[in-house]
$ cat final-v3.txt   # compact mmCIF, C-alpha atoms
# COMPACT_ATOMS: atom_id res chain seq x y z
CA MET A 86 103.21 94.77 92.98
CA LYS A 87 104.87 96.51 90.05
CA ALA A 88 103.33 99.64 88.50
CA LEU A 89 104.19 102.26 85.91
CA CYS A 90 104.45 105.58 87.72
CA TRP A 91 104.59 109.15 86.52
CA THR A 92 107.67 110.71 88.08
CA GLY A 93 107.80 114.08 86.34
CA VAL A 94 107.36 115.75 82.95
CA ASN A 95 108.24 113.15 80.32
CA LYS A 96 109.54 110.78 82.99
CA LEU A 97 108.15 107.36 83.92
CA ASP A 98 109.45 104.57 86.11
CA VAL A 99 108.35 101.06 86.93
CA GLU A 100 108.24 100.94 90.73
CA ARG A 101 107.25 98.58 93.51
CA VAL A 102 104.05 99.88 95.12
CA ASP A 103 101.53 98.57 97.66
CA ASP A 104 98.80 96.25 96.43
CA PRO A 105 95.33 97.81 96.29
CA VAL A 106 92.79 96.74 98.90
CA ILE A 107 89.01 96.75 99.17
CA LEU A 108 88.03 100.00 100.91
CA ASN A 109 84.31 100.15 100.15
CA SER A 110 81.67 97.45 99.96
CA GLN A 111 81.01 98.21 96.28
CA ASP A 112 84.70 97.67 95.29
CA ILE A 113 86.31 94.83 93.43
CA ILE A 114 90.02 94.14 92.96
CA VAL A 115 91.03 93.24 89.40
CA ARG A 116 94.19 91.46 88.27
CA VAL A 117 95.09 93.41 85.16
CA ILE A 118 95.44 91.22 82.08
CA LEU A 119 95.65 93.95 79.46
CA THR A 120 96.09 97.70 79.86
CA THR A 121 96.72 100.10 77.04
CA THR A 122 98.04 103.59 76.55
CA CYS A 123 95.55 106.27 75.59
CA GLY A 124 96.38 109.41 73.65
CA SER A 125 95.24 111.39 76.66
CA ASP A 126 98.02 109.79 78.73
CA LEU A 127 100.29 112.06 76.71
CA HIS A 128 98.62 115.07 78.34
CA LEU A 129 99.73 113.73 81.71
CA LEU A 130 103.14 112.65 80.54
CA GLY A 131 103.85 116.01 78.94
CA GLY A 132 102.87 117.98 82.02
CA TYR A 133 99.73 119.58 80.62
CA VAL A 134 97.59 118.47 83.57
CA PRO A 135 98.90 120.40 86.57
CA THR A 136 97.64 118.18 89.40
CA MET A 137 99.83 115.13 88.82
CA ARG A 138 101.95 113.99 91.76
CA ALA A 139 105.24 112.12 91.36
CA GLY A 140 104.51 108.45 92.06
CA ASP A 141 101.03 108.45 90.54
CA VAL A 142 100.16 105.18 88.77
CA LEU A 143 99.00 105.79 85.18
CA GLY A 144 96.46 103.92 83.04
CA HIS A 145 92.70 104.12 82.55
CA GLU A 146 91.90 101.61 79.80
CA PHE A 147 92.04 97.99 80.94
CA LEU A 148 90.68 94.49 81.24
CA GLY A 149 91.32 91.86 83.85
CA GLU A 150 90.20 89.09 86.17
CA VAL A 151 88.24 89.73 89.36
CA VAL A 152 90.24 88.47 92.33
CA GLU A 153 88.36 90.01 95.27
CA VAL A 154 84.81 91.27 95.69
CA GLY A 155 83.27 93.71 98.19
CA SER A 156 80.28 92.65 100.25
CA ALA A 157 77.76 94.82 98.34
CA VAL A 158 78.82 93.75 94.84
CA THR A 159 76.13 91.67 93.13
CA ARG A 160 77.12 91.49 89.45
CA HIS A 161 80.65 90.12 89.73
CA ARG A 162 82.33 87.08 91.19
CA VAL A 163 85.92 86.06 91.69
CA GLY A 164 87.21 84.68 88.40
CA ASP A 165 85.03 86.86 86.16
CA ARG A 166 86.77 88.49 83.21
CA VAL A 167 85.80 92.17 83.17
CA VAL A 168 86.44 95.25 81.10
CA VAL A 169 86.23 98.47 83.11
CA CYS A 170 85.04 101.92 82.09
CA SER A 171 87.70 104.62 82.44
CA PHE A 172 85.44 106.91 84.47
CA ILE A 173 84.33 106.01 87.97
CA SER A 174 80.60 106.56 88.21
CA CYS A 175 78.15 105.69 90.97
CA GLY A 176 75.14 104.92 88.78
CA LYS A 177 72.83 106.66 91.27
CA CYS A 178 73.25 110.44 90.90
CA TRP A 179 71.31 112.57 88.40
CA TYR A 180 74.15 112.57 85.88
CA CYS A 181 74.49 108.78 85.95
CA GLN A 182 70.73 108.32 85.74
CA ASN A 183 70.86 110.45 82.59
CA GLU A 184 73.78 108.45 81.13
CA LEU A 185 76.25 111.30 81.62
CA TYR A 186 78.65 109.05 83.50
CA SER A 187 81.79 111.15 83.10
CA LEU A 188 80.05 113.89 85.09
CA CYS A 189 79.18 111.65 88.04
CA ASP A 190 78.72 113.61 91.25
CA ASN A 191 80.14 110.87 93.46
CA GLY A 192 83.11 109.31 91.65
CA ASN A 193 85.53 112.17 92.21
CA PRO A 194 86.49 112.62 95.87
CA ASN A 195 88.51 115.71 94.94
CA ALA A 196 85.71 117.61 93.19
CA GLY A 197 86.70 120.77 95.03
CA ILE A 198 89.95 121.00 93.01
CA PRO A 199 88.42 121.25 89.51
CA GLU A 200 85.58 123.36 90.89
CA MET A 201 88.17 125.89 92.08
CA LEU A 202 90.15 125.69 88.84
CA TRP A 203 87.38 125.45 86.26
CA GLY A 204 84.13 126.23 88.06
CA GLN A 205 82.72 122.70 87.72
CA ALA A 206 83.93 119.16 88.34
CA PRO A 207 84.11 116.14 86.06
CA GLY A 208 83.78 112.67 87.55
CA GLY A 209 86.67 110.53 88.70
CA CYS A 210 89.00 108.71 86.31
CA TYR A 211 91.66 106.04 86.90
CA GLY A 212 95.22 107.29 86.70
CA TYR A 213 94.28 110.75 85.59
CA SER A 214 95.58 113.32 88.09
CA HIS A 215 94.34 114.46 91.46
CA ALA A 216 91.84 116.84 89.87
CA LEU A 217 89.99 113.72 88.73
CA GLY A 218 90.23 111.93 92.06
CA GLY A 219 93.84 110.78 92.34
CA TRP A 220 92.76 107.19 91.63
CA ALA A 221 95.57 104.72 91.01
CA GLY A 222 95.68 103.62 87.38
CA SER A 223 95.74 100.32 85.55
CA HIS A 224 99.36 100.18 84.38
CA ALA A 225 99.91 97.86 87.31
CA GLU A 226 99.42 94.24 88.26
CA TYR A 227 96.25 94.94 90.27
CA ILE A 228 93.72 97.75 90.49
CA ARG A 229 90.86 98.68 92.81
CA VAL A 230 87.56 99.30 90.99
CA PRO A 231 85.00 101.31 93.02
CA TYR A 232 81.27 101.09 92.20
CA ALA A 233 82.06 97.85 90.39
CA ASP A 234 78.45 96.92 89.61
CA GLN A 235 78.21 100.14 87.64
CA GLY A 236 81.60 100.44 85.91
CA ALA A 237 82.85 96.87 85.33
CA PHE A 238 81.36 94.66 82.62
CA THR A 239 81.73 90.92 82.30
CA VAL A 240 83.29 89.96 78.98
CA PRO A 241 81.17 87.35 77.17
CA GLU A 242 82.65 83.97 76.31
CA GLY A 243 84.12 83.97 72.82
CA VAL A 244 85.19 87.61 72.89
CA SER A 245 88.97 87.85 73.03
CA ASN A 246 90.83 90.02 75.52
CA GLU A 247 92.27 92.05 72.68
CA ARG A 248 88.84 92.88 71.27
CA ALA A 249 87.14 93.55 74.60
CA LEU A 250 89.91 95.78 75.93
CA PHE A 251 88.92 98.74 73.77
CA ALA A 252 85.37 98.81 75.15
CA SER A 253 87.02 100.46 78.16
CA ASP A 254 87.65 103.81 76.49
CA SER A 255 88.85 103.88 72.90
CA ALA A 256 85.83 102.31 71.21
CA PRO A 257 83.18 104.34 73.07
CA THR A 258 85.23 107.48 72.52
CA GLY A 259 85.22 106.78 68.80
CA TRP A 260 81.51 106.02 68.90
CA MET A 261 80.86 109.28 70.73
CA GLY A 262 82.79 111.17 68.04
CA ALA A 263 80.61 109.71 65.30
CA HIS A 264 77.47 110.30 67.37
CA LEU A 265 78.30 113.91 68.23
CA GLY A 266 79.26 114.54 64.61
CA GLY A 267 75.83 113.39 63.50
CA VAL A 268 77.37 111.00 60.97
CA GLN A 269 74.73 109.62 58.63
CA PRO A 270 74.79 107.01 55.85
CA GLY A 271 76.46 108.43 52.76
CA ASP A 272 78.42 111.10 54.63
CA THR A 273 82.06 111.67 53.80
CA VAL A 274 83.97 112.19 57.03
CA ALA A 275 87.44 113.34 57.98
CA VAL A 276 88.84 112.39 61.36
CA TRP A 277 91.37 114.41 63.33
CA HIS A 278 92.94 112.49 66.18
CA ARG A 279 96.29 111.00 67.01
CA SER A 280 95.60 108.05 69.26
CA SER A 281 93.86 104.71 69.18
CA GLY A 282 90.62 106.64 69.33
CA ASN A 283 91.33 107.61 65.73
CA GLY A 284 91.03 104.05 64.46
CA SER A 285 88.00 103.49 66.65
CA THR A 286 86.30 106.60 65.32
CA GLN A 287 86.88 105.45 61.76
CA ARG A 288 85.54 102.01 62.60
CA ARG A 289 82.45 103.47 64.32
CA ASN A 290 81.84 105.65 61.29
CA ARG A 291 81.90 102.54 59.11
CA LEU A 292 79.48 100.76 61.40
CA ARG A 293 77.09 103.69 61.34
CA LEU A 294 77.21 104.05 57.54
CA MET B 85 107.94 118.06 72.31
CA GLY B 86 110.71 119.34 74.56
CA VAL B 87 110.61 119.66 78.32
CA LYS B 88 110.75 123.46 78.16
CA THR B 89 107.79 123.57 75.80
CA SER B 90 105.84 121.18 78.03
CA VAL B 91 106.62 123.16 81.16
CA ALA B 92 105.67 126.39 79.39
CA ALA B 93 102.41 124.87 78.20
CA GLY B 94 101.72 123.58 81.70
CA ALA B 95 102.37 127.03 83.14
CA VAL B 96 99.94 128.52 80.64
CA GLY B 97 97.37 125.92 81.71
CA VAL B 98 97.84 126.77 85.39
CA ALA B 99 97.58 130.49 84.61
CA ALA B 100 94.40 129.92 82.61
CA GLY B 101 92.96 127.93 85.50
CA LEU B 102 93.81 130.66 88.00
CA VAL B 103 92.21 133.29 85.76
CA ALA B 104 89.12 131.11 85.41
CA ARG B 105 89.02 130.64 89.18
CA THR B 106 89.27 134.38 89.71
CA LEU B 107 86.45 134.97 87.26
CA VAL B 108 84.30 132.41 89.05
CA ARG B 109 84.98 133.99 92.44
CA GLU B 110 84.33 137.54 91.27
CA ARG B 111 80.97 136.86 89.70
CA PRO B 112 77.99 138.55 91.32
CA ASP B 113 76.53 136.83 94.37
CA SER B 114 73.37 136.00 92.49
CA ASN B 115 74.94 133.56 90.03
CA GLY B 116 75.26 130.70 92.51
CA ASP B 117 79.02 130.22 92.18
CA ALA B 118 80.11 133.11 94.36
CA ARG B 119 80.06 132.88 98.13
CA HIS B 120 76.54 133.50 99.37
CA PRO B 121 76.34 136.73 101.39
CA GLU B 122 74.59 134.88 104.25
CA GLY B 123 76.89 131.85 104.03
CA TRP B 124 74.38 129.40 102.58
CA LYS B 125 75.81 126.38 100.81
CA ALA B 126 73.80 123.80 98.91
CA VAL B 127 73.91 120.44 97.16
CA THR B 128 71.38 118.88 94.82
CA ILE B 129 70.48 115.29 95.61
CA LEU B 130 68.58 112.79 93.52
CA GLY B 131 65.94 110.89 95.46
CA ASP B 132 63.07 111.31 97.90
CA ASP B 133 63.48 114.32 100.19
CA ALA B 134 61.24 112.73 102.84
CA ALA B 135 63.64 109.79 103.09
CA PHE B 136 66.54 112.23 103.49
CA THR B 137 65.00 113.94 106.50
CA SER B 138 63.26 110.95 108.04
CA GLY B 139 64.72 110.11 111.45
CA GLY B 140 67.43 112.74 111.14
CA TYR B 141 69.74 113.64 108.32
CA PRO B 142 72.39 111.23 107.00
CA ASP B 143 75.16 110.95 109.57
CA PRO B 144 77.77 113.29 108.03
CA LEU B 145 75.26 116.15 108.16
CA GLN B 146 73.50 115.07 111.35
CA ARG B 147 76.81 115.17 113.24
CA ILE B 148 76.99 118.96 112.88
CA ALA B 149 73.29 119.71 112.39
CA GLU B 150 72.98 121.54 115.71
CA LEU B 151 75.48 124.12 114.45
CA LEU B 152 73.52 124.74 111.25
CA VAL B 153 70.38 126.17 109.83
CA ILE B 154 69.23 123.58 107.27
CA ARG B 155 66.58 123.96 104.60
CA VAL B 156 65.38 121.29 102.15
CA ASP B 157 63.64 122.41 98.94
CA LYS B 158 62.47 120.70 95.79
CA ALA B 159 65.04 121.02 92.98
CA PRO B 160 64.00 122.21 89.53
CA GLY B 161 62.75 119.67 87.02
CA ASP B 162 63.72 116.05 87.63
CA LYS B 163 66.81 116.85 89.68
CA GLY B 164 65.50 115.73 93.07
CA PHE B 165 65.90 118.10 96.01
CA GLU B 166 68.26 120.72 97.33
CA VAL B 167 69.79 120.75 100.79
CA HIS B 168 70.86 124.21 101.93
CA ALA B 169 72.88 124.78 105.06
CA ARG B 170 74.64 127.65 106.82
CA LEU B 171 76.30 128.06 110.17
CA ARG B 172 74.16 129.57 112.92
CA ALA B 173 75.37 132.98 114.04
CA ASP B 174 75.95 131.68 117.56
CA ALA B 175 77.37 128.28 116.54
CA ASP B 176 80.28 127.03 118.66
CA THR B 177 82.60 125.91 115.87
CA SER B 178 85.41 124.88 118.22
CA THR B 179 84.16 121.30 117.99
CA LEU B 180 84.75 121.13 114.24
CA THR B 181 87.91 119.40 113.06
CA ALA B 182 88.34 121.57 109.97
CA ASP B 183 90.32 124.81 110.42
CA ASP B 184 87.70 126.70 108.42
CA PRO B 185 84.12 126.04 109.55
CA GLN B 186 82.91 126.66 106.00
CA ARG B 187 84.98 123.67 104.88
CA ALA B 188 83.25 121.51 107.43
CA VAL B 189 79.85 122.54 106.06
CA ARG B 190 80.84 121.77 102.45
CA ALA B 191 82.29 118.40 103.45
CA ALA B 192 79.19 117.49 105.46
CA LEU B 193 76.90 118.36 102.55
CA ARG B 194 78.99 116.43 100.03
CA ASP B 195 79.25 113.37 102.29
CA ALA B 196 75.56 113.42 103.19
CA LYS B 197 74.63 113.55 99.50
CA GLN B 198 76.99 110.70 98.63
CA LEU B 199 75.86 108.53 101.51
CA PHE B 200 72.20 109.07 100.64
CA GLU B 201 72.63 108.48 96.91
CA THR B 202 75.09 105.59 96.93
CA GLY B 203 74.77 104.01 100.37
CA GLU B 204 78.33 104.70 101.52
CA ASN B 205 81.06 107.29 101.55
CA LEU B 206 83.74 106.56 99.01
CA ARG B 207 87.21 106.14 100.46
CA ALA B 208 90.07 107.27 98.24
CA THR B 209 93.03 106.30 100.41
CA PRO B 210 95.19 104.38 101.05
CA ARG B 211 96.01 103.80 97.41
CA PRO B 212 99.04 102.41 95.61
CA HIS B 213 101.65 104.93 94.58
CA GLY B 214 105.34 105.11 93.86
CA HIS B 215 107.99 107.24 95.54
CA ARG B 216 106.66 110.67 96.53
CA PRO B 217 109.61 113.07 96.58
CA THR B 218 109.25 116.20 98.70
CA THR B 219 108.80 119.11 96.31
CA LEU B 220 106.99 122.43 96.48
CA PHE B 221 104.65 121.44 93.67
CA GLY B 222 103.99 118.06 95.20
CA ALA B 223 103.21 119.67 98.54
CA ALA B 224 100.76 121.99 96.80
CA VAL B 225 98.97 119.04 95.16
CA ASP B 226 98.86 117.17 98.50
CA LYS B 227 97.39 120.22 100.26
CA ALA B 228 94.83 120.78 97.51
CA GLU B 229 93.74 117.16 97.81
CA ASP B 230 93.57 117.26 101.61
CA GLU B 231 91.27 120.26 101.46
CA ALA B 232 89.33 119.34 98.31
CA LYS B 233 86.19 118.07 99.99
CA GLY B 234 85.83 121.34 101.88
CA GLU B 235 86.46 123.57 98.88
CA GLY B 236 84.69 124.21 95.62
CA VAL B 237 81.60 126.09 94.55
CA LEU B 238 79.05 124.83 97.06
$ encode --input "final-v3.txt" --output "structure tokens"
Amino acid sequence: MKALCWTGVNKLDVERVDDPVILNSQDIIVRVILTTTCGSDLHLLGGYVPTMRAGDVLGHEFLGEVVEVGSAVTRHRVGDRVVVCSFISCGKCWYCQNELYSLCDNGNPNAGIPEMLWGQAPGGCYGYSHALGGWAGSHAEYIRVPYADQGAFTVPEGVSNERALFASDSAPTGWMGAHLGGVQPGDTVAVWHRSSGNGSTQRRNRLRL
Amino acid sequence: MGVKTSVAAGAVGVAAGLVARTLVRERPDSNGDARHPEGWKAVTILGDDAAFTSGGYPDPLQRIAELLVIRVDKAPGDKGFEVHARLRADADTSTLTADDPQRAVRAALRDAKQLFETGENLRATPRPHGHRPTTLFGAAVDKAEDEAKGEGVL
């Protein structure tokens, strides 16, 4: 398949890479329909995240069609249209049970790297360096989604791809900004951000007001 | 932003990470992040501790259990239970595949926790990737990833 690969600081190439395969029983394979660039991709592109490897496939915000399902997956079938959370979370550890999915204990197979660098490990994230698991990203024709019952969500009929796509990262990021900021009806807010999360934050603020 | 600025910023990030790592490693033994003076390592697992020990430990830990002293304690609050392990003083570590026996203990604890909590051990490779040129930095990332499961603050 074709994929957009990071090849060095401020360098990207579209390359031919192997197709992803099911490796665990809780995996699904998704044919990517839409994938979008996040502001945080710029951190990778610009070389600010030191555990990128030339050839890494970028992308962590996407929507697609399920084309293959692992034997333990119960919530998804081939043909389903799904939007997938950027972080890979198991749904079973203490962090997941407390809705702190980006801190999942089990979604980052390289937890030792951030623990050595920063003293603690975040969860795994698609296309976001080897410190966050080295997972192949979504700027590709296909992507493997581990723990699919936890992190992939079927898109309801009547919701367009373009609207559902941003449930992957941008919209919840914006919502989190408004939530953490304690935005209340009547508040005047200023938003500092430079990516699609900016628009989402403004929209979430409107919805909360 | 220019390449030089990006590289400089990246270097600053790496330096900050190394400083942070040094600080973590030089903390007193009592804070839980430093190496335990007796070599104990531990993971916290959500679930029923009786199920964890029933009929032997989960396979990744059971495989090397005869080389270890293992202790299971209740974790604080609602966090489940803690599994502590250290190598026996007389353990024959020649059977371990890892160069450093401590890495084998960390990996066994991590894998046992994951297997118990999620029902399987997550496989990360093979995965799609583009051309991997041979570079010093790339080799460093590859090595860090190869050893990641056996490293960290356990």
$ closest_residue --input "final-v3.txt" --among "B:Glu166, B:Arg119, B:Pro142, B:Gly234" --to "Asp183 in chain B" --atoms "all atoms listed in the file"
B:Gly234
$ interface_residues --input "final-v3.txt" --of "chain A" --to "chain B" --cutoff "8 Å" --atoms "all atoms listed in the file" --output "JSON, numbers by chain"
{"A": [88, 90, 94, 95, 100, 101, 102, 103, 104, 105, 106, 108, 109, 131, 132, 133, 134, 135, 136, 137, 138, 139, 140, 141, 142, 175, 177, 178, 179, 191, 192, 194, 195, 196, 197, 198, 199, 200, 201, 202, 203, 204, 205, 215, 218, 219, 220, 221]}
$ atom_distance --input "final-v3.txt" --atom1 "CA of Thr258 in chain A" --atom2 "CA of Leu89 in chain A"
23.8 Å
$ residues_near_point --input "final-v3.txt" --point "(68.3, 123.9, 106.5)" --cutoff "8 Å" --atoms "only C-alpha atoms" --output "VMD selection string"
chain B and resid 152 to 156 167 to 170
$ write_last_selection --input "final-v3.txt" --atoms "C-alpha atoms" --output "PDB file, in the coordinates of the input"
ATOM      1  CA  LEU B 152      73.520 124.740 111.250  1.00  0.00           C
ATOM      2  CA  VAL B 153      70.380 126.170 109.830  1.00  0.00           C
ATOM      3  CA  ILE B 154      69.230 123.580 107.270  1.00  0.00           C
ATOM      4  CA  ARG B 155      66.580 123.960 104.600  1.00  0.00           C
ATOM      5  CA  VAL B 156      65.380 121.290 102.150  1.00  0.00           C
ATOM      6  CA  VAL B 167      69.790 120.750 100.790  1.00  0.00           C
ATOM      7  CA  HIS B 168      70.860 124.210 101.930  1.00  0.00           C
ATOM      8  CA  ALA B 169      72.880 124.780 105.060  1.00  0.00           C
ATOM      9  CA  ARG B 170      74.640 127.650 106.820  1.00  0.00           C
TER      10      ARG B 170
END
$ atom_distance --input "final-v3.txt" --atom1 "CA of His145 in chain A" --atom2 "CA of Asp98 in chain A"
17.1 Å
$ atom_distance --input "final-v3.txt" --atom1 "CA of Leu145 in chain B" --atom2 "CA of Ser214 in chain A"
28.7 Å
$ axis_aligned_box --input "final-v3.txt" --around "range 256-270 of chain A" --padding-each-side "8 Å" --output "AutoDock Vina command-line options"
--center_x 80.3 --center_y 108.4 --center_z 64.5 --size_x 27.1 --size_y 28.2 --size_z 33.2
$ residues_around --input "final-v3.txt" --residues "Val117 in chain A" --least-positions-apart "6" --cutoff "9 Å" --atoms "only C-alpha atoms" --output "PyMOL selection string"
chain A and resi 147-151+223-228
$ closest_residue --input "final-v3.txt" --among "A:Leu143, A:Ala216, A:Val244, A:Ala252" --to "Thr122 in chain A" --atoms "only C-alpha atoms"
A:Leu143
$ closest_residue --input "final-v3.txt" --among "A:Leu119, A:Ala275, A:Leu129, A:Cys189" --to "Ala249 in chain A" --atoms "all atoms listed in the file"
A:Leu119
$ residues_around --input "final-v3.txt" --residues "range 158-162 of chain A" --least-positions-apart "4" --cutoff "7 Å" --atoms "all atoms listed in the file" --output "PyMOL selection string"
chain A and resi 110-111+151+154+233-234
$ write_last_selection --input "final-v3.txt" --atoms "C-alpha atoms" --output "short mmCIF file (atom, residue, chain, number, x, y, z; two decimals), keeping the file's coordinate frame"
data_model
loop_
_atom_site.label_atom_id
_atom_site.label_comp_id
_atom_site.auth_asym_id
_atom_site.auth_seq_id
_atom_site.Cartn_x
_atom_site.Cartn_y
_atom_site.Cartn_z
CA SER A 110 81.67 97.45 99.96
CA GLN A 111 81.01 98.21 96.28
CA VAL A 151 88.24 89.73 89.36
CA VAL A 154 84.81 91.27 95.69
CA ALA A 233 82.06 97.85 90.39
CA ASP A 234 78.45 96.92 89.61
#
$ residues_around --input "final-v3.txt" --residues "Val152 in chain A" --least-positions-apart "2" --cutoff "6 Å" --atoms "all atoms listed in the file" --output "mmCIF file with C-alpha atoms, in the frame of the given file"
data_model
loop_
_atom_site.group_PDB
_atom_site.id
_atom_site.type_symbol
_atom_site.label_atom_id
_atom_site.label_comp_id
_atom_site.auth_asym_id
_atom_site.auth_seq_id
_atom_site.Cartn_x
_atom_site.Cartn_y
_atom_site.Cartn_z
ATOM 1 C CA ILE A 114 90.020 94.140 92.960
ATOM 2 C CA VAL A 115 91.030 93.240 89.400
ATOM 3 C CA VAL A 163 85.920 86.060 91.690
#
$ decode --input "final-v3.txt" --residues "range 156-222 of chain A" --atoms "C-alpha atoms" --output "compact mmCIF listing (two decimals), in the first residue's frame"
# COMPACT_ATOMS: atom_id res chain seq x y z
CA SER A 156 -11.37 -13.40 16.56
CA ALA A 157 -12.01 -11.66 19.90
CA VAL A 158 -13.62 -8.52 18.47
CA THR A 159 -17.33 -8.33 19.31
CA ARG A 160 -18.42 -4.77 18.48
CA HIS A 161 -17.31 -4.51 14.86
CA ARG A 162 -17.96 -6.35 11.64
CA VAL A 163 -16.48 -6.17 8.18
CA GLY A 164 -18.10 -3.26 6.36
CA ASP A 165 -18.67 -1.12 9.46
CA ARG A 166 -17.74 2.55 9.15
CA VAL A 167 -15.66 3.48 12.20
CA VAL A 168 -13.93 6.51 13.64
CA VAL A 169 -10.91 5.62 15.77
CA CYS A 170 -9.51 7.33 18.86
CA SER A 171 -5.94 8.56 18.44
CA PHE A 172 -4.72 6.83 21.60
CA ILE A 173 -4.55 3.05 21.85
CA SER A 174 -6.15 2.02 25.11
CA CYS A 175 -7.01 -1.42 26.46
CA GLY A 176 -10.15 -0.47 28.37
CA LYS A 177 -9.17 -2.81 31.23
CA CYS A 178 -6.37 -1.18 33.25
CA TRP A 179 -6.95 1.25 36.13
CA TYR A 180 -6.39 4.31 33.94
CA CYS A 181 -8.90 3.15 31.32
CA GLN A 182 -11.42 2.20 33.99
CA ASN A 183 -11.11 5.76 35.26
CA GLU A 184 -11.52 7.25 31.75
CA LEU A 185 -7.89 8.35 31.57
CA TYR A 186 -7.39 6.57 28.27
CA SER A 187 -4.28 8.43 27.11
CA LEU A 188 -2.47 7.01 30.14
CA CYS A 189 -3.35 3.39 29.39
CA ASP A 190 -0.88 0.96 30.92
CA ASN A 191 -1.15 -1.54 28.07
CA GLY A 192 -1.35 0.42 24.80
CA ASN A 193 2.29 1.45 24.67
CA PRO A 194 4.67 -1.49 24.14
CA ASN A 195 7.64 0.87 24.49
CA ALA A 196 6.71 2.31 27.88
CA GLY A 197 10.30 1.89 29.04
CA ILE A 198 11.44 4.67 26.66
CA PRO A 199 9.33 7.53 28.07
CA GLU A 200 9.83 6.18 31.59
CA MET A 201 13.59 6.58 31.11
CA LEU A 202 13.22 9.99 29.48
CA TRP A 203 10.43 11.53 31.54
CA GLY A 204 9.91 9.27 34.54
CA GLN A 205 6.45 8.10 33.48
CA ALA A 206 4.83 6.74 30.32
CA PRO A 207 1.82 7.92 28.34
CA GLY A 208 -0.24 5.38 26.42
CA GLY A 209 0.31 4.43 22.81
CA CYS A 210 -0.67 6.66 19.89
CA TYR A 211 -0.87 5.99 16.14
CA GLY A 212 1.95 7.52 14.13
CA TYR A 213 3.46 9.36 17.03
CA SER A 214 7.06 8.24 17.56
CA HIS A 215 8.57 5.20 19.19
CA ALA A 216 8.22 6.72 22.65
CA LEU A 217 4.47 6.29 22.19
CA GLY A 218 4.69 2.76 20.83
CA GLY A 219 6.00 3.11 17.29
CA TRP A 220 2.53 2.34 15.92
CA ALA A 221 2.07 2.88 12.19
CA GLY A 222 -0.15 5.87 11.48
